[in-house]
Amino acid sequence: MLELLSDPQVWASLLTLTALEIVLGIDNIIFISIMAAKLPVHQQQKARQLGLALALVMRLLLLASISWVATLTEPLITVLGMGFSGRDLILLGGGLFLLAKGTIEIHNTVEGHEEGGAAPKVASFGAVVGQIIVLDIVFSLDSVITAVGMSNDLPVMVTAVVIAMAVMLFAARPVGDFVNRHVTVKMLALSFLLLVGVALIADGFGFHIPKGYLYFAIAFSTLVEALNLMAAARRKRKKAEAH
């Protein structure tokens with residue numbers, strides 16, 4: 001263990017892997033934040049913490065079962081001459097779930113309040129946590145396979161995952177509050193989840209889309225929206241000063 005701590009390559013691997021795990025966790029934070037917003041206010045923080053705690057547990061369990069995770073990349077079934085591994089099937093299921101969930105949430109956000117003027121329906125805590133668990137499994141599998149591909153040292157992988165989850169836990173509440181305060185930002189977040197869903201489905205069929213492209217698209221859109229929010233705040237301030 002002391003040899004690992006004194007090895008510069010180990011520290012470089014840890015920093016790189018931690019940064020990558022944090023980036024890969026962005027979609028997890030967004031999904032958890034959107035789902036937690038459907039709960040009563042006093043339950044939202046508990047749902048975020050529980051969702052991220054479950055994600056950490058799943059990642060650690062998968063890391064402890066690296067040999068089993070490796071078997072998930074081997075062909076399991078063949079359909080129309082195309083082989084699908086356990087990982088492929090999990091990614092396909094997760095991608096379809098994200099597409100369906102993202103579409104439903106966009107519909108509720110855009111048109112939900114216009115249908116009869118009824119108050120938004122509050123989801124049950126169990127239903128929200130259940131959906132978070134489903135996506136945690138998909139995101140955790142993707143995260144762990146990435147970690148295994150970057151490092152051969154289990155202590156380094158575990159440390160990187162724990163640090164990344166701690167950062168995500170710290171960021172979950174402010175990110176969730178910001179997303180839910182601005183409908184347009186929430187729409188961008190839901191669009192990002194649709195993109196991730198498409199990427200997961202493509203990956204399940206063997207067509208890998210680098211996530212860097214997805215993150216650049218959402219980062220650029222978020223920058224444009226930030227400028228729009230700043231402009232709107234400036235107009236509101238000038239209007240208030242005029243009165």
# chains A, B, ... in the order shown; residues from 1 in each chain; ligands from 1
>>> select_by_dssp(residues="range 70-236 of chain A", states="strand (DSSP E or B)", output="list in words")
Pro75, Leu76, Ile77, Thr78, Val79, Met82, Gly83, Phe84 and Ser85 of chain A
>>> write_last_selection(atoms="N, CA and C atoms", output="mmCIF file, in the first residue's frame")
data_model
loop_
_atom_site.group_PDB
_atom_site.id
_atom_site.type_symbol
_atom_site.label_atom_id
_atom_site.label_comp_id
_atom_site.auth_asym_id
_atom_site.auth_seq_id
_atom_site.Cartn_x
_atom_site.Cartn_y
_atom_site.Cartn_z
ATOM 1 N N PRO A 75 -20.414 -12.354 -25.555
ATOM 2 C CA PRO A 75 -21.725 -12.552 -26.205
ATOM 3 C C PRO A 75 -22.621 -13.487 -25.408
ATOM 4 N N LEU A 76 -23.862 -13.074 -25.228
ATOM 5 C CA LEU A 76 -24.821 -13.851 -24.459
ATOM 6 C C LEU A 76 -25.902 -14.457 -25.350
ATOM 7 N N ILE A 77 -26.421 -13.620 -26.276
ATOM 8 C CA ILE A 77 -27.417 -14.091 -27.234
ATOM 9 C C ILE A 77 -27.078 -13.529 -28.601
ATOM 10 N N THR A 78 -27.640 -14.138 -29.627
ATOM 11 C CA THR A 78 -27.433 -13.668 -30.998
ATOM 12 C C THR A 78 -28.797 -13.420 -31.651
ATOM 13 N N VAL A 79 -28.955 -12.214 -32.210
ATOM 14 C CA VAL A 79 -30.199 -11.844 -32.879
ATOM 15 C C VAL A 79 -29.863 -11.325 -34.265
ATOM 16 N N MET A 82 -26.297 -10.756 -34.983
ATOM 17 C CA MET A 82 -25.573 -9.794 -34.142
ATOM 18 C C MET A 82 -25.556 -10.306 -32.711
ATOM 19 N N GLY A 83 -24.358 -10.405 -32.133
ATOM 20 C CA GLY A 83 -24.232 -10.893 -30.769
ATOM 21 C C GLY A 83 -24.433 -9.787 -29.750
ATOM 22 N N PHE A 84 -25.132 -10.094 -28.668
ATOM 23 C CA PHE A 84 -25.380 -9.138 -27.595
ATOM 24 C C PHE A 84 -24.889 -9.731 -26.280
ATOM 25 N N SER A 85 -24.068 -8.945 -25.574
ATOM 26 C CA SER A 85 -23.573 -9.377 -24.269
ATOM 27 C C SER A 85 -24.541 -8.907 -23.183
#
>>> residues_around(residues="Leu229 in chain A", least_positions_apart="4", cutoff="12 Å", atoms="only C-alpha atoms", output="PyMOL selection string")
chain A and resi 178+181-185+222-225+233-236
>>> write_last_selection(atoms="N, CA, C and O atoms", output="PDB file, in the first residue's frame")
ATOM      1  N   PHE A 178     -31.004  24.537  -8.893  1.00  0.00           N
ATOM      2  CA  PHE A 178     -30.854  25.424 -10.052  1.00  0.00           C
ATOM      3  C   PHE A 178     -31.682  24.920 -11.233  1.00  0.00           C
ATOM      4  O   PHE A 178     -32.372  25.698 -11.899  1.00  0.00           O
ATOM      5  N   ARG A 181     -35.389  25.559 -10.612  1.00  0.00           N
ATOM      6  CA  ARG A 181     -35.795  26.972 -10.591  1.00  0.00           C
ATOM      7  C   ARG A 181     -36.028  27.514 -11.991  1.00  0.00           C
ATOM      8  O   ARG A 181     -36.787  28.466 -12.168  1.00  0.00           O
ATOM      9  N   HIS A 182     -35.363  26.937 -12.980  1.00  0.00           N
ATOM     10  CA  HIS A 182     -35.442  27.456 -14.345  1.00  0.00           C
ATOM     11  C   HIS A 182     -35.972  26.359 -15.274  1.00  0.00           C
ATOM     12  O   HIS A 182     -35.295  25.350 -15.496  1.00  0.00           O
ATOM     13  N   VAL A 183     -37.162  26.585 -15.813  1.00  0.00           N
ATOM     14  CA  VAL A 183     -37.788  25.581 -16.671  1.00  0.00           C
ATOM     15  C   VAL A 183     -36.938  25.299 -17.911  1.00  0.00           C
ATOM     16  O   VAL A 183     -36.813  24.149 -18.343  1.00  0.00           O
ATOM     17  N   THR A 184     -36.351  26.345 -18.484  1.00  0.00           N
ATOM     18  CA  THR A 184     -35.553  26.138 -19.696  1.00  0.00           C
ATOM     19  C   THR A 184     -34.313  25.290 -19.409  1.00  0.00           C
ATOM     20  O   THR A 184     -33.913  24.469 -20.236  1.00  0.00           O
ATOM     21  N   VAL A 185     -33.713  25.475 -18.238  1.00  0.00           N
ATOM     22  CA  VAL A 185     -32.559  24.656 -17.858  1.00  0.00           C
ATOM     23  C   VAL A 185     -32.999  23.210 -17.645  1.00  0.00           C
ATOM     24  O   VAL A 185     -32.288  22.269 -18.020  1.00  0.00           O
ATOM     25  N   THR A 222     -25.870  24.969 -22.426  1.00  0.00           N
ATOM     26  CA  THR A 222     -25.972  25.555 -21.092  1.00  0.00           C
ATOM     27  C   THR A 222     -25.355  26.951 -21.062  1.00  0.00           C
ATOM     28  O   THR A 222     -25.886  27.864 -20.416  1.00  0.00           O
ATOM     29  N   LEU A 223     -24.244  27.148 -21.775  1.00  0.00           N
ATOM     30  CA  LEU A 223     -23.622  28.465 -21.849  1.00  0.00           C
ATOM     31  C   LEU A 223     -24.562  29.470 -22.512  1.00  0.00           C
ATOM     32  O   LEU A 223     -24.730  30.597 -22.019  1.00  0.00           O
ATOM     33  N   VAL A 224     -25.203  29.054 -23.620  1.00  0.00           N
ATOM     34  CA  VAL A 224     -26.156  29.936 -24.296  1.00  0.00           C
ATOM     35  C   VAL A 224     -27.316  30.277 -23.371  1.00  0.00           C
ATOM     36  O   VAL A 224     -27.749  31.433 -23.285  1.00  0.00           O
ATOM     37  N   GLU A 225     -27.821  29.285 -22.639  1.00  0.00           N
ATOM     38  CA  GLU A 225     -28.931  29.525 -21.728  1.00  0.00           C
ATOM     39  C   GLU A 225     -28.505  30.424 -20.572  1.00  0.00           C
ATOM     40  O   GLU A 225     -29.288  31.259 -20.099  1.00  0.00           O
ATOM     41  N   ALA A 233     -32.215  38.767 -16.553  1.00  0.00           N
ATOM     42  CA  ALA A 233     -32.050  39.409 -15.247  1.00  0.00           C
ATOM     43  C   ALA A 233     -31.692  40.882 -15.398  1.00  0.00           C
ATOM     44  O   ALA A 233     -32.173  41.735 -14.641  1.00  0.00           O
ATOM     45  N   ARG A 234     -30.875  41.193 -16.419  1.00  0.00           N
ATOM     46  CA  ARG A 234     -30.506  42.583 -16.671  1.00  0.00           C
ATOM     47  C   ARG A 234     -31.719  43.406 -17.094  1.00  0.00           C
ATOM     48  O   ARG A 234     -31.920  44.541 -16.636  1.00  0.00           O
ATOM     49  N   ARG A 235     -32.566  42.831 -17.970  1.00  0.00           N
ATOM     50  CA  ARG A 235     -33.776  43.533 -18.406  1.00  0.00           C
ATOM     51  C   ARG A 235     -34.722  43.761 -17.236  1.00  0.00           C
ATOM     52  O   ARG A 235     -35.334  44.828 -17.107  1.00  0.00           O
ATOM     53  N   LYS A 236     -34.829  42.756 -16.363  1.00  0.00           N
ATOM     54  CA  LYS A 236     -35.706  42.879 -15.205  1.00  0.00           C
ATOM     55  C   LYS A 236     -35.203  43.954 -14.257  1.00  0.00           C
ATOM     56  O   LYS A 236     -35.990  44.732 -13.703  1.00  0.00           O
TER      57      LYS A 236
END
>>> atom_distance(atom1="CA of Leu72 in chain A", atom2="CA of Leu98 in chain A")
21.2 Å
>>> atom_distance(atom1="CA of Ser140 in chain A", atom2="CA of Arg59 in chain A")
5.3 Å
>>> residues_around(residues="Phe139 in chain A", least_positions_apart="4", cutoff="10 Å", atoms="only C-alpha atoms", output="count of residues only")
16
>>> closest_residue(among="A:Gly204, A:Asp153, A:Arg237, A:Val110", to="Leu96 in chain A", atoms="only C-alpha atoms")
A:Gly204
>>> residues_around(residues="Ala199 in chain A", least_positions_apart="4", cutoff="10 Å", atoms="only C-alpha atoms", output="compact mmCIF listing (two decimals) with all heavy atoms, in the first residue's frame")
# COMPACT_ATOMS: atom_id res chain seq x y z
N LEU A 91 -27.41 -1.89 -21.26
CA LEU A 91 -27.35 -0.55 -21.87
C LEU A 91 -28.57 -0.28 -22.73
O LEU A 91 -29.12 0.84 -22.72
CB LEU A 91 -26.08 -0.42 -22.71
CG LEU A 91 -24.75 -0.42 -21.94
CD1 LEU A 91 -23.58 -0.27 -22.90
CD2 LEU A 91 -24.72 0.71 -20.91
N LEU A 92 -29.02 -1.27 -23.49
CA LEU A 92 -30.22 -1.11 -24.32
C LEU A 92 -31.44 -0.82 -23.45
O LEU A 92 -32.22 0.09 -23.74
CB LEU A 92 -30.46 -2.36 -25.16
CG LEU A 92 -29.53 -2.57 -26.36
CD1 LEU A 92 -29.74 -3.95 -26.96
CD2 LEU A 92 -29.78 -1.50 -27.42
N GLY A 95 -31.08 2.68 -21.96
CA GLY A 95 -31.29 3.71 -22.97
C GLY A 95 -32.76 3.89 -23.29
O GLY A 95 -33.26 5.03 -23.38
N LEU A 193 -30.55 14.02 -21.12
CA LEU A 193 -30.86 12.63 -20.79
C LEU A 193 -31.31 11.86 -22.03
O LEU A 193 -31.00 10.67 -22.18
CB LEU A 193 -31.95 12.58 -19.72
CG LEU A 193 -31.54 13.04 -18.31
CD1 LEU A 193 -32.71 12.91 -17.35
CD2 LEU A 193 -30.36 12.23 -17.79
N LEU A 194 -32.03 12.53 -22.93
CA LEU A 194 -32.42 11.88 -24.19
C LEU A 194 -31.18 11.54 -25.02
O LEU A 194 -31.09 10.45 -25.61
CB LEU A 194 -33.36 12.79 -24.99
CG LEU A 194 -34.76 13.00 -24.42
CD1 LEU A 194 -35.56 13.95 -25.31
CD2 LEU A 194 -35.51 11.68 -24.26
N LEU A 195 -30.22 12.47 -25.05
CA LEU A 195 -28.98 12.21 -25.78
C LEU A 195 -28.23 11.03 -25.18
O LEU A 195 -27.72 10.17 -25.90
CB LEU A 195 -28.08 13.46 -25.74
CG LEU A 195 -28.46 14.63 -26.63
CD1 LEU A 195 -27.53 15.82 -26.38
CD2 LEU A 195 -28.41 14.23 -28.10
N ASP A 203 -24.55 2.27 -28.07
CA ASP A 203 -23.48 1.46 -27.47
C ASP A 203 -23.92 0.01 -27.34
O ASP A 203 -23.13 -0.92 -27.54
CB ASP A 203 -23.12 2.02 -26.10
CG ASP A 203 -21.64 1.84 -25.77
OD1 ASP A 203 -20.97 1.10 -26.51
OD2 ASP A 203 -21.17 2.42 -24.78
N GLY A 204 -25.20 -0.19 -27.00
CA GLY A 204 -25.72 -1.54 -26.89
C GLY A 204 -25.69 -2.29 -28.21
O GLY A 204 -25.57 -3.52 -28.24
N PHE A 205 -25.80 -1.55 -29.33
CA PHE A 205 -25.73 -2.15 -30.64
C PHE A 205 -24.31 -2.19 -31.20
O PHE A 205 -24.09 -2.57 -32.35
CB PHE A 205 -26.64 -1.41 -31.63
CG PHE A 205 -28.09 -1.79 -31.52
CD1 PHE A 205 -29.01 -0.94 -30.95
CD2 PHE A 205 -28.53 -3.02 -31.99
CE1 PHE A 205 -30.35 -1.29 -30.85
CE2 PHE A 205 -29.86 -3.39 -31.89
CZ PHE A 205 -30.77 -2.51 -31.32
N PHE A 207 -22.20 0.52 -31.47
CA PHE A 207 -21.75 1.77 -32.08
C PHE A 207 -21.46 2.76 -30.95
O PHE A 207 -22.37 3.37 -30.40
CB PHE A 207 -22.81 2.33 -33.03
CG PHE A 207 -23.19 1.39 -34.13
CD1 PHE A 207 -24.34 0.62 -34.04
CD2 PHE A 207 -22.39 1.25 -35.25
CE1 PHE A 207 -24.69 -0.26 -35.05
CE2 PHE A 207 -22.73 0.38 -36.27
CZ PHE A 207 -23.89 -0.39 -36.17
N HIS A 208 -20.18 2.90 -30.62
CA HIS A 208 -19.81 3.75 -29.49
C HIS A 208 -19.76 5.22 -29.90
O HIS A 208 -19.09 5.58 -30.87
CB HIS A 208 -18.45 3.34 -28.93
CG HIS A 208 -18.00 4.18 -27.77
ND1 HIS A 208 -18.67 4.20 -26.56
CD2 HIS A 208 -16.98 5.06 -27.65
CE1 HIS A 208 -18.06 5.04 -25.75
NE2 HIS A 208 -17.04 5.57 -26.38
N ILE A 209 -20.51 6.05 -29.18
CA ILE A 209 -20.48 7.51 -29.39
C ILE A 209 -19.69 8.12 -28.23
O ILE A 209 -20.13 8.03 -27.08
CB ILE A 209 -21.90 8.10 -29.41
CG1 ILE A 209 -22.73 7.45 -30.52
CG2 ILE A 209 -21.85 9.61 -29.60
CD1 ILE A 209 -24.19 7.91 -30.54
N PRO A 210 -18.53 8.72 -28.49
CA PRO A 210 -17.75 9.32 -27.41
C PRO A 210 -18.59 10.33 -26.62
O PRO A 210 -19.24 11.20 -27.21
CB PRO A 210 -16.60 10.03 -28.15
CG PRO A 210 -16.46 9.27 -29.43
CD PRO A 210 -17.86 8.88 -29.81
N LYS A 211 -18.60 10.18 -25.31
CA LYS A 211 -19.43 11.06 -24.49
C LYS A 211 -18.96 12.51 -24.52
O LYS A 211 -19.70 13.42 -24.16
CB LYS A 211 -19.48 10.55 -23.04
CG LYS A 211 -20.46 9.41 -22.85
CD LYS A 211 -20.79 9.19 -21.39
CE LYS A 211 -21.93 8.19 -21.23
NZ LYS A 211 -22.31 8.00 -19.82
N LEU A 214 -21.30 14.52 -26.48
CA LEU A 214 -22.54 14.81 -25.78
C LEU A 214 -22.33 15.92 -24.75
O LEU A 214 -23.14 16.84 -24.64
CB LEU A 214 -23.08 13.56 -25.08
CG LEU A 214 -23.28 12.32 -25.95
CD1 LEU A 214 -23.88 11.19 -25.12
CD2 LEU A 214 -24.19 12.63 -27.13
>>> closest_residue(among="A:Pro155, A:Gly126, A:Gly81, A:Gly176", to="Leu60 in chain A", atoms="only C-alpha atoms")
A:Pro155
>>> closest_residue(among="A:Ile132, A:Ala242, A:Leu154, A:Ser124", to="Ser65 in chain A", atoms="only C-alpha atoms")
A:Leu154
>>> closest_residue(among="A:Val196, A:Val161, A:Asn180, A:Ala202", to="Leu14 in chain A", atoms="only C-alpha atoms")
A:Val161
>>> residues_around(residues="Ala53 in chain A", least_positions_apart="5", cutoff="9 Å", atoms="only C-alpha atoms", output="PyMOL selection string")
chain A and resi 48+58+165+169
>>> write_last_selection(atoms="C-alpha atoms", output="mmCIF file, in the first residue's frame")
data_model
loop_
_atom_site.group_PDB
_atom_site.id
_atom_site.type_symbol
_atom_site.label_atom_id
_atom_site.label_comp_id
_atom_site.auth_asym_id
_atom_site.auth_seq_id
_atom_site.Cartn_x
_atom_site.Cartn_y
_atom_site.Cartn_z
ATOM 1 C CA ARG A 48 -30.783 12.654 -3.538
ATOM 2 C CA MET A 58 -23.419 -0.524 -6.643
ATOM 3 C CA MET A 165 -19.392 10.226 -5.381
ATOM 4 C CA LEU A 169 -23.193 14.334 -3.223
#
>>> atom_distance(atom1="CA of Thr103 in chain A", atom2="CA of Phe192 in chain A")
11.4 Å
>>> select_by_dssp(residues="range 22-142 of chain A", states="alpha helix (DSSP H)", output="NGL selection string")
:A and (22-24 or 26-36 or 41-64 or 66-71 or 86-111 or 125-142)
>>> write_last_selection(atoms="C-alpha atoms", output="compact mmCIF listing (two decimals), in the first residue's frame")
# COMPACT_ATOMS: atom_id res chain seq x y z
CA ILE A 22 -17.08 12.91 -11.91
CA VAL A 23 -17.79 13.72 -15.55
CA LEU A 24 -19.49 10.37 -16.07
CA ILE A 26 -23.13 14.26 -14.43
CA ASP A 27 -25.98 12.39 -16.11
CA ASN A 28 -26.61 10.51 -12.85
CA ILE A 29 -26.87 13.78 -10.89
CA ILE A 30 -29.25 15.29 -13.47
CA PHE A 31 -31.56 12.28 -13.43
CA ILE A 32 -31.60 12.07 -9.62
CA SER A 33 -32.27 15.83 -9.34
CA ILE A 34 -35.18 15.72 -11.79
CA MET A 35 -36.73 12.68 -10.12
CA ALA A 36 -36.24 14.08 -6.60
CA VAL A 41 -39.74 19.37 -0.52
CA HIS A 42 -38.91 17.70 2.81
CA GLN A 43 -38.14 14.40 1.03
CA GLN A 44 -36.06 15.71 -1.87
CA GLN A 45 -32.69 15.89 -0.12
CA LYS A 46 -33.22 12.43 1.37
CA ALA A 47 -33.94 11.04 -2.11
CA ARG A 48 -30.78 12.65 -3.54
CA GLN A 49 -28.61 11.29 -0.74
CA LEU A 50 -30.16 7.83 -0.92
CA GLY A 51 -29.85 7.74 -4.72
CA LEU A 52 -26.16 8.65 -4.67
CA ALA A 53 -25.47 6.31 -1.72
CA LEU A 54 -27.02 3.44 -3.69
CA ALA A 55 -24.96 4.42 -6.73
CA LEU A 56 -21.79 4.28 -4.63
CA VAL A 57 -22.71 0.87 -3.17
CA MET A 58 -23.42 -0.52 -6.64
CA ARG A 59 -20.12 0.77 -8.00
CA LEU A 60 -18.16 -0.73 -5.10
CA LEU A 61 -19.97 -4.08 -5.43
CA LEU A 62 -19.23 -4.16 -9.15
CA LEU A 63 -15.57 -3.30 -8.52
CA ALA A 64 -15.40 -6.12 -5.99
CA ILE A 66 -14.43 -7.44 -11.54
CA SER A 67 -14.14 -11.00 -12.82
CA TRP A 68 -17.94 -11.20 -13.11
CA VAL A 69 -18.13 -7.78 -14.77
CA ALA A 70 -15.63 -9.00 -17.37
CA THR A 71 -18.04 -11.82 -18.33
CA GLY A 86 -25.08 -8.86 -20.83
CA ARG A 87 -23.66 -5.34 -20.83
CA ASP A 88 -25.26 -4.62 -24.21
CA LEU A 89 -28.67 -5.72 -22.96
CA ILE A 90 -28.37 -3.60 -19.81
CA LEU A 91 -27.35 -0.55 -21.87
CA LEU A 92 -30.22 -1.11 -24.32
CA GLY A 93 -32.73 -1.37 -21.49
CA GLY A 94 -31.32 1.69 -19.74
CA GLY A 95 -31.29 3.71 -22.97
CA LEU A 96 -34.92 2.87 -23.73
CA PHE A 97 -35.87 3.72 -20.14
CA LEU A 98 -34.15 7.11 -20.42
CA LEU A 99 -35.84 7.88 -23.74
CA ALA A 100 -39.26 7.00 -22.36
CA LYS A 101 -38.73 8.81 -19.06
CA GLY A 102 -37.22 11.89 -20.71
CA THR A 103 -40.09 12.16 -23.19
CA ILE A 104 -42.71 11.82 -20.44
CA GLU A 105 -40.98 14.44 -18.28
CA ILE A 106 -40.69 16.88 -21.21
CA HIS A 107 -44.41 16.41 -21.93
CA ASN A 108 -45.30 17.06 -18.28
CA THR A 109 -43.03 20.11 -18.14
CA VAL A 110 -44.33 21.71 -21.34
CA GLU A 111 -47.99 20.70 -21.34
CA PHE A 125 -40.90 8.15 -2.39
CA GLY A 126 -40.66 4.44 -3.22
CA ALA A 127 -41.48 4.95 -6.90
CA VAL A 128 -38.85 7.67 -7.27
CA VAL A 129 -36.15 5.65 -5.48
CA GLY A 130 -37.05 2.60 -7.60
CA GLN A 131 -36.50 4.53 -10.83
CA ILE A 132 -33.25 5.97 -9.48
CA ILE A 133 -32.04 2.43 -8.69
CA VAL A 134 -32.78 1.27 -12.25
CA LEU A 135 -30.64 4.03 -13.77
CA ASP A 136 -27.99 3.69 -11.05
CA ILE A 137 -27.40 0.12 -12.26
CA VAL A 138 -26.87 1.29 -15.85
CA PHE A 139 -24.66 4.27 -14.98
CA SER A 140 -22.68 2.25 -12.42
CA LEU A 141 -21.94 -0.49 -14.95
CA ASP A 142 -20.74 2.07 -17.50
